[in-house]
>>> print(open('start02.cif').read())   # mmCIF, C-alpha atoms
data_final
loop_
_atom_site.label_atom_id
_atom_site.label_comp_id
_atom_site.auth_asym_id
_atom_site.auth_seq_id
_atom_site.Cartn_x
_atom_site.Cartn_y
_atom_site.Cartn_z
CA MET A 1 0.00 0.00 0.00
CA ALA A 2 1.56 3.30 -1.06
CA LEU A 3 1.56 5.96 1.63
CA ASP A 4 -0.10 9.32 1.04
CA GLN A 5 2.46 11.78 -0.35
CA SER A 6 0.52 14.68 1.13
CA PHE A 7 2.04 13.77 4.52
CA VAL A 8 5.49 14.91 3.33
CA GLY A 9 6.43 18.03 5.26
CA ARG A 10 3.96 17.36 8.06
CA THR A 11 5.32 18.38 11.47
CA TYR A 12 3.94 16.90 14.68
CA PRO A 13 3.63 18.82 17.97
CA PRO A 14 6.75 18.89 20.20
CA THR A 15 6.84 16.12 22.80
CA GLU A 16 6.63 16.68 26.54
CA PRO A 17 10.19 17.12 27.88
CA TYR A 18 12.23 13.99 28.65
CA GLU A 19 14.53 14.58 31.61
CA VAL A 20 17.93 12.97 31.10
CA GLY A 21 19.08 11.31 34.33
CA ARG A 22 22.64 10.53 35.33
CA GLU A 23 21.76 6.95 36.28
CA LYS A 24 19.94 6.35 32.98
CA ILE A 25 23.09 7.43 31.14
CA ARG A 26 25.14 5.08 33.32
CA GLU A 27 22.72 2.20 32.64
CA PHE A 28 22.95 2.83 28.89
CA ALA A 29 26.75 3.12 28.91
CA GLU A 30 27.01 -0.15 30.86
CA ALA A 31 24.60 -1.87 28.47
CA ILE A 32 26.87 -1.03 25.52
CA GLY A 33 29.97 -1.89 27.58
CA ASP A 34 31.44 1.59 27.19
CA THR A 35 33.63 2.61 30.12
CA ASN A 36 34.42 6.17 28.92
CA ALA A 37 34.50 8.20 32.16
CA ALA A 38 32.67 11.12 30.53
CA TYR A 39 29.46 9.04 30.83
CA THR A 40 29.69 8.30 34.55
CA ASP A 41 32.10 10.71 36.25
CA ALA A 42 31.08 14.38 36.37
CA GLU A 43 34.64 15.49 37.12
CA ALA A 44 35.97 13.61 34.10
CA ALA A 45 33.24 15.17 31.96
CA LYS A 46 34.10 18.63 33.29
CA ALA A 47 37.76 18.08 32.46
CA LEU A 48 36.60 17.69 28.85
CA GLY A 49 34.64 20.93 29.03
CA HIS A 50 31.15 19.55 29.74
CA SER A 51 29.01 20.85 32.60
CA ASP A 52 27.93 17.34 33.70
CA VAL A 53 28.18 13.73 32.54
CA ILE A 54 27.31 13.37 28.87
CA ALA A 55 25.44 10.57 27.11
CA PRO A 56 26.89 8.23 24.46
CA PRO A 57 26.19 9.49 20.92
CA THR A 58 23.32 7.09 20.20
CA PHE A 59 21.58 7.46 23.60
CA VAL A 60 19.16 10.06 22.26
CA PHE A 61 17.62 7.56 19.83
CA ALA A 62 15.39 6.17 22.60
CA ILE A 63 13.90 9.64 22.93
CA THR A 64 13.60 10.49 19.24
CA PHE A 65 12.21 7.09 18.30
CA LYS A 66 9.53 7.35 20.96
CA ALA A 67 8.67 10.75 19.51
CA ALA A 68 8.56 9.23 16.02
CA GLY A 69 5.78 7.04 17.38
CA GLN A 70 3.47 9.99 16.68
CA VAL A 71 4.23 9.45 13.01
CA ILE A 72 4.43 5.66 13.01
CA GLU A 73 1.14 5.30 14.86
CA ASP A 74 -0.68 8.09 13.03
CA PRO A 75 -3.83 6.25 11.88
CA GLN A 76 -4.27 8.69 9.01
CA LEU A 77 -0.81 7.81 7.65
CA GLY A 78 -1.51 4.09 7.95
CA LEU A 79 2.02 2.71 8.20
CA ASP A 80 1.99 -1.04 8.98
CA TYR A 81 4.45 -1.10 11.88
CA SER A 82 4.55 -4.92 11.99
CA ARG A 83 6.46 -4.78 8.68
CA VAL A 84 8.77 -1.89 9.55
CA VAL A 85 12.55 -2.27 9.70
CA HIS A 86 15.15 0.38 10.50
CA GLY A 87 16.94 1.36 7.29
CA ASP A 88 19.28 4.25 8.07
CA GLN A 89 20.03 6.33 11.11
CA LYS A 90 21.97 9.58 11.38
CA PHE A 91 22.58 12.16 14.07
CA ALA A 92 23.84 15.74 13.69
CA TYR A 93 24.90 17.24 17.01
CA THR A 94 25.14 20.83 18.15
CA ARG A 95 26.33 19.50 21.52
CA PRO A 96 26.24 16.17 23.36
CA VAL A 97 23.19 15.26 25.44
CA ARG A 98 24.00 15.62 29.13
CA SER A 99 22.54 14.80 32.52
CA GLY A 100 19.85 17.26 33.57
CA ASP A 101 18.76 18.07 30.03
CA ARG A 102 15.03 18.38 29.52
CA LEU A 103 14.65 17.46 25.87
CA SER A 104 11.70 17.96 23.59
CA VAL A 105 11.45 16.42 20.12
CA THR A 106 9.68 17.83 17.09
CA SER A 107 9.15 15.20 14.40
CA THR A 108 8.70 15.98 10.72
CA ILE A 109 8.04 13.65 7.79
CA GLU A 110 10.85 14.53 5.37
CA ALA A 111 10.10 12.10 2.56
CA ILE A 112 7.88 9.21 1.54
CA LYS A 113 8.89 6.89 -1.27
CA THR A 114 7.77 3.57 -2.65
CA MET A 115 10.51 1.33 -4.01
CA ALA A 116 10.07 -2.28 -5.11
CA GLY A 117 6.80 -2.52 -3.21
CA ASN A 118 8.30 -1.19 0.01
CA ASP A 119 7.20 2.03 1.67
CA ILE A 120 10.14 4.15 2.77
CA ILE A 121 9.63 7.02 5.16
CA ASP A 122 12.20 9.56 6.37
CA ILE A 123 11.52 11.18 9.73
CA ARG A 124 13.53 14.09 11.11
CA GLY A 125 13.49 14.61 14.87
CA GLU A 126 14.73 17.99 16.07
CA VAL A 127 15.79 17.83 19.71
CA HIS A 128 15.82 21.04 21.75
CA ASP A 129 16.62 21.69 25.39
CA GLU A 130 14.49 23.59 27.88
CA ALA A 131 16.01 26.91 26.78
CA GLY A 132 14.90 26.14 23.22
CA GLU A 133 18.49 25.60 22.06
CA HIS A 134 19.17 22.91 19.47
CA VAL A 135 20.96 19.84 20.81
CA VAL A 136 20.80 17.21 18.07
CA THR A 137 18.79 16.23 15.02
CA ALA A 138 18.01 12.57 14.41
CA PHE A 139 17.32 11.36 10.86
CA THR A 140 15.52 8.01 10.81
CA LYS A 141 14.71 6.04 7.68
CA LEU A 142 12.09 3.31 8.15
CA VAL A 143 11.24 0.69 5.54
CA ALA A 144 7.86 -1.04 5.60
CA ARG A 145 8.35 -4.22 3.61
CA GLY A 146 5.64 -4.88 1.09
CA ALA A 147 3.25 -7.72 1.85
CA LYS A 148 4.35 -10.93 0.13
CA GLU A 149 2.36 -12.21 -2.81
CA ALA A 150 0.06 -15.02 -1.74
CA MET B 1 35.06 19.84 23.89
CA THR B 2 38.59 18.61 24.01
CA ALA B 3 39.52 15.77 21.74
CA LYS B 4 42.91 14.27 22.56
CA ILE B 5 43.82 13.88 18.89
CA SER B 6 45.15 16.93 17.07
CA TYR B 7 43.74 17.80 13.66
CA ASP B 8 47.26 18.64 12.49
CA GLU B 9 48.52 15.15 13.33
CA VAL B 10 46.03 13.16 11.28
CA GLU B 11 46.10 12.55 7.56
CA VAL B 12 43.69 11.07 5.08
CA GLY B 13 44.18 7.33 5.51
CA THR B 14 45.10 7.49 9.21
CA GLU B 15 43.70 4.31 10.74
CA LEU B 16 41.96 4.35 14.09
CA PRO B 17 42.67 1.45 16.47
CA ALA B 18 40.28 -1.35 15.45
CA GLN B 19 38.16 -3.09 18.08
CA THR B 20 36.06 -6.24 18.35
CA PHE B 21 32.89 -6.18 20.42
CA PRO B 22 31.31 -9.42 21.67
CA VAL B 23 27.51 -9.66 21.79
CA SER B 24 25.60 -12.43 23.54
CA ARG B 25 21.90 -12.97 24.27
CA ALA B 26 22.52 -11.49 27.71
CA THR B 27 24.01 -8.38 26.08
CA LEU B 28 20.84 -7.94 24.04
CA VAL B 29 18.51 -8.37 27.00
CA ARG B 30 20.50 -5.73 28.85
CA TYR B 31 20.46 -3.39 25.87
CA ALA B 32 16.71 -3.89 25.46
CA GLY B 33 16.20 -2.75 29.04
CA ALA B 34 18.53 0.24 28.81
CA SER B 35 17.21 1.43 25.45
CA GLY B 36 13.54 0.55 25.90
CA ASP B 37 13.50 -1.44 22.64
CA PHE B 38 11.76 -4.69 23.56
CA ASN B 39 11.10 -5.95 20.04
CA PRO B 40 11.06 -9.77 20.49
CA ILE B 41 13.28 -10.34 17.42
CA HIS B 42 16.12 -9.31 19.76
CA TRP B 43 15.50 -11.90 22.48
CA ASN B 44 12.88 -14.47 21.38
CA GLU B 45 14.28 -17.09 19.01
CA LYS B 46 10.87 -18.59 18.25
CA PHE B 47 9.46 -15.21 17.29
CA ALA B 48 12.54 -14.25 15.25
CA LYS B 49 12.28 -17.46 13.20
CA GLU B 50 8.55 -17.02 12.69
CA VAL B 51 9.18 -13.67 11.01
CA GLY B 52 11.82 -15.19 8.72
CA LEU B 53 15.06 -14.37 10.51
CA PRO B 54 17.77 -17.03 10.89
CA ASP B 55 17.87 -16.50 14.68
CA VAL B 56 17.74 -13.70 17.24
CA ILE B 57 19.44 -10.59 15.85
CA ALA B 58 21.12 -7.67 17.62
CA HIS B 59 19.41 -4.30 17.75
CA GLY B 60 20.72 -2.20 14.86
CA MET B 61 21.11 0.63 17.33
CA PHE B 62 23.28 -1.61 19.51
CA THR B 63 25.64 -2.21 16.59
CA MET B 64 25.60 1.52 15.85
CA ALA B 65 26.47 2.25 19.50
CA GLU B 66 29.39 -0.20 19.46
CA ALA B 67 30.84 1.01 16.16
CA ILE B 68 31.19 4.63 17.28
CA ARG B 69 33.24 3.51 20.29
CA VAL B 70 36.18 3.13 17.91
CA VAL B 71 35.85 6.87 17.24
CA THR B 72 35.08 8.04 20.79
CA ASP B 73 37.90 5.96 22.29
CA TRP B 74 40.27 7.48 19.72
CA ALA B 75 39.06 11.05 20.13
CA GLY B 76 38.85 10.73 23.92
CA ASP B 77 35.92 13.13 24.20
CA PRO B 78 32.64 11.61 22.92
CA GLY B 79 31.41 15.20 22.57
CA ALA B 80 33.82 15.58 19.65
CA VAL B 81 31.39 13.62 17.43
CA ALA B 82 29.55 16.22 15.32
CA GLU B 83 27.73 13.82 13.01
CA TYR B 84 27.26 10.06 12.88
CA GLY B 85 25.25 8.03 10.41
CA VAL B 86 24.87 4.41 9.33
CA ARG B 87 22.84 2.17 7.05
CA PHE B 88 21.72 -1.16 8.48
CA THR B 89 22.72 -3.56 5.71
CA LYS B 90 22.78 -7.01 7.35
CA PRO B 91 21.66 -8.21 10.77
CA VAL B 92 24.10 -9.33 13.46
CA VAL B 93 22.87 -12.87 14.17
CA VAL B 94 23.34 -13.85 17.82
CA PRO B 95 23.22 -17.60 18.57
CA ASN B 96 22.23 -18.88 22.00
CA ASP B 97 25.66 -20.11 23.11
CA GLU B 98 28.58 -18.98 25.27
CA THR B 99 30.30 -16.98 22.55
CA GLY B 100 27.38 -15.26 20.82
CA ALA B 101 28.55 -13.04 17.97
CA LEU B 102 31.39 -10.63 17.33
CA ILE B 103 31.18 -7.17 15.81
CA GLU B 104 34.53 -6.19 14.28
CA VAL B 105 34.95 -2.47 13.69
CA SER B 106 37.70 -0.69 11.83
CA ALA B 107 37.87 2.96 10.82
CA LYS B 108 40.04 5.42 9.01
CA VAL B 109 40.19 9.13 8.32
CA ALA B 110 38.60 9.56 4.90
CA ALA B 111 38.78 13.36 4.57
CA LYS B 112 39.95 16.46 6.35
CA LEU B 113 36.86 18.63 6.02
CA ASP B 114 37.59 22.03 7.46
CA ASP B 115 40.94 23.45 8.61
CA ASP B 116 39.24 26.15 10.70
CA ASP B 117 36.60 23.91 12.26
CA ARG B 118 39.24 21.13 12.58
CA THR B 119 36.75 18.48 11.47
CA VAL B 120 37.54 15.17 9.81
CA ARG B 121 35.33 12.52 8.28
CA VAL B 122 35.92 9.02 9.59
CA ASP B 123 34.63 6.06 7.59
CA LEU B 124 33.77 2.97 9.63
CA THR B 125 33.53 -0.69 8.65
CA ALA B 126 31.57 -3.08 10.85
CA MET B 127 31.65 -6.83 10.14
CA SER B 128 30.02 -9.82 11.78
CA ALA B 129 30.41 -13.44 10.65
CA GLY B 130 32.13 -12.19 7.48
CA GLN B 131 29.24 -9.91 6.52
CA LYS B 132 29.24 -6.14 6.37
CA VAL B 133 26.56 -5.19 8.92
CA LEU B 134 26.74 -1.41 8.52
CA GLY B 135 26.96 0.53 5.28
CA MET B 136 27.61 4.22 4.66
CA SER B 137 28.92 4.35 8.19
CA ARG B 138 30.49 7.75 8.68
CA ALA B 139 31.24 10.16 11.46
CA VAL B 140 32.33 13.79 11.44
CA VAL B 141 34.67 14.44 14.35
CA ARG B 142 35.97 17.77 15.66
CA LEU B 143 39.59 17.35 16.66
CA ALA B 144 41.85 19.47 18.86
#
>>> encode(input="start02.cif", output="structure tokens")
Amino acid sequence: MALDQSFVGRTYPPTEPYEVGREKIREFAEAIGDTNAAYTDAEAAKALGHSDVIAPPTFVFAITFKAAGQVIEDPQLGLDYSRVVHGDQKFAYTRPVRSGDRLSVTSTIEAIKTMAGNDIIDIRGEVHDEAGEHVVTAFTKLVARGAKEA
Amino acid sequence: MTAKISYDEVEVGTELPAQTFPVSRATLVRYAGASGDFNPIHWNEKFAKEVGLPDVIAHGMFTMAEAIRVVTDWAGDPGAVAEYGVRFTKPVVVPNDETGALIEVSAKVAAKLDDDDRTVRVDLTAMSAGQKVLGMSRAVVRLA
């Protein structure tokens, strides 16, 4: 089923702020086995010029992907999430995410394509802090595999 | 941000120290909890096979998180990463045994982008079981 092209450019309302906690960063860093002290030791992070512990580069995906749920679950768009796989992912950072951040995500549908029976949707998630300053933009490409011929 | 590598010291072709990251079923369960991604293809073998996968596969975002460690360990400051992108080309298949799977990551400086901004582009290669699991895997890193 081809998705409606008129959704391209649609922007969804900003999400309620997600507060980044020091222990959540630690849990994530431990889960990926990364012992970089900047993730767990505020003094080590400060020595690198950060005001508090920072998060690993891909940490923010949990926040942006949840926000992308507004798009994925939009009944008007009609994406079949049971057939969705993650195609590409990219992040462009103004600064690293850090403990204490209250982050809000604004999701926009950048592109919709149909290739070889698959629906491909590009979602851009702009992440801002409480002061309204840009932190990072997440670019997520999702591929909904076409239903197999019976 | 204070990367420990100087822009002036790197050249196109400079190789970053390669690393190999082990991934077991336990690793994936832990990552599921930390990331909030509880898709059963990452922990339920029966479900994974029912949807046509050879076995449980690693979260793509887990592989992405491991690959960039080659860059952040090299640069010292993870905040030096200005951009990072990948394409998920093949899954990392994780068997239910003691060894699990390995993700082998190598990287090299592909371009010096901006002498004033001191940014370089690093191209990454991530392999598992002889297959390239990430494509177009690139980071822009701001060096000292």
>>> resolve_selection(input="start02.cif", expression="the PyMOL selection byres ((chain B) within 7 of (chain A))", output="short mmCIF file (atom, residue, chain, number, x, y, z; two decimals) with C-alpha atoms, keeping the file's coordinate frame")
data_model
loop_
_atom_site.label_atom_id
_atom_site.label_comp_id
_atom_site.auth_asym_id
_atom_site.auth_seq_id
_atom_site.Cartn_x
_atom_site.Cartn_y
_atom_site.Cartn_z
CA MET B 1 35.06 19.84 23.89
CA THR B 2 38.59 18.61 24.01
CA THR B 27 24.01 -8.38 26.08
CA ARG B 30 20.50 -5.73 28.85
CA TYR B 31 20.46 -3.39 25.87
CA ALA B 34 18.53 0.24 28.81
CA SER B 35 17.21 1.43 25.45
CA GLY B 36 13.54 0.55 25.90
CA ALA B 65 26.47 2.25 19.50
CA GLU B 66 29.39 -0.20 19.46
CA ASP B 77 35.92 13.13 24.20
CA PRO B 78 32.64 11.61 22.92
CA GLY B 79 31.41 15.20 22.57
CA ALA B 82 29.55 16.22 15.32
CA GLU B 83 27.73 13.82 13.01
CA TYR B 84 27.26 10.06 12.88
CA GLY B 85 25.25 8.03 10.41
CA VAL B 86 24.87 4.41 9.33
CA ARG B 87 22.84 2.17 7.05
CA PHE B 88 21.72 -1.16 8.48
#
>>> resolve_selection(input="start02.cif", expression="the PyMOL selection byres ((chain A and resi 127) around 7)", output="MDAnalysis selection string")
chainID A and resid 103:106 125:126 128:129 134:137
>>> axis_aligned_box(input="start02.cif", around="segment 4-12 of chain B", padding_each_side="3 Å", output="JSON")
{"center_x": 45.7, "center_y": 14.9, "center_z": 13.8, "size_x": 11.6, "size_y": 13.6, "size_z": 23.5}
>>> atom_distance(input="start02.cif", atom1="atom CA of Trp74 of chain B", atom2="atom CA of Val133 of chain B")
21.6 Å
>>> resolve_selection(input="start02.cif", expression="the PyMOL selection byres ((chain B and resi 28) around 9)", output="VMD selection string")
(chain A and resid 31) or (chain B and resid 23 to 27 29 to 33 42 to 43 57 to 59 62 94)
>>> write_last_selection(input="start02.cif", atoms="C-alpha atoms", output="PDB file, in the frame of the given file")
ATOM      1  CA  ALA A  31      24.600  -1.870  28.470  1.00  0.00           C
TER       2      ALA A  31
ATOM      3  CA  VAL B  23      27.510  -9.660  21.790  1.00  0.00           C
ATOM      4  CA  SER B  24      25.600 -12.430  23.540  1.00  0.00           C
ATOM      5  CA  ARG B  25      21.900 -12.970  24.270  1.00  0.00           C
ATOM      6  CA  ALA B  26      22.520 -11.490  27.710  1.00  0.00           C
ATOM      7  CA  THR B  27      24.010  -8.380  26.080  1.00  0.00           C
ATOM      8  CA  VAL B  29      18.510  -8.370  27.000  1.00  0.00           C
ATOM      9  CA  ARG B  30      20.500  -5.730  28.850  1.00  0.00           C
ATOM     10  CA  TYR B  31      20.460  -3.390  25.870  1.00  0.00           C
ATOM     11  CA  ALA B  32      16.710  -3.890  25.460  1.00  0.00           C
ATOM     12  CA  GLY B  33      16.200  -2.750  29.040  1.00  0.00           C
ATOM     13  CA  HIS B  42      16.120  -9.310  19.760  1.00  0.00           C
ATOM     14  CA  TRP B  43      15.500 -11.900  22.480  1.00  0.00           C
ATOM     15  CA  ILE B  57      19.440 -10.590  15.850  1.00  0.00           C
ATOM     16  CA  ALA B  58      21.120  -7.670  17.620  1.00  0.00           C
ATOM     17  CA  HIS B  59      19.410  -4.300  17.750  1.00  0.00           C
ATOM     18  CA  PHE B  62      23.280  -1.610  19.510  1.00  0.00           C
ATOM     19  CA  VAL B  94      23.340 -13.850  17.820  1.00  0.00           C
TER      20      VAL B  94
END
>>> residues_near_point(input="start02.cif", point="(24.9, -11.5, 11.5)", cutoff="10 Å", atoms="all atoms listed in the file", output="ChimeraX atom specification")
/B:54-58,90-95,101-103,127-133
>>> atom_distance(input="start02.cif", atom1="atom CA of Asp123 of chain B", atom2="atom CA of Gly13 of chain B")
9.9 Å
>>> atom_distance(input="start02.cif", atom1="atom CA of Thr11 of chain A", atom2="atom CA of Asp74 of chain A")
12.0 Å
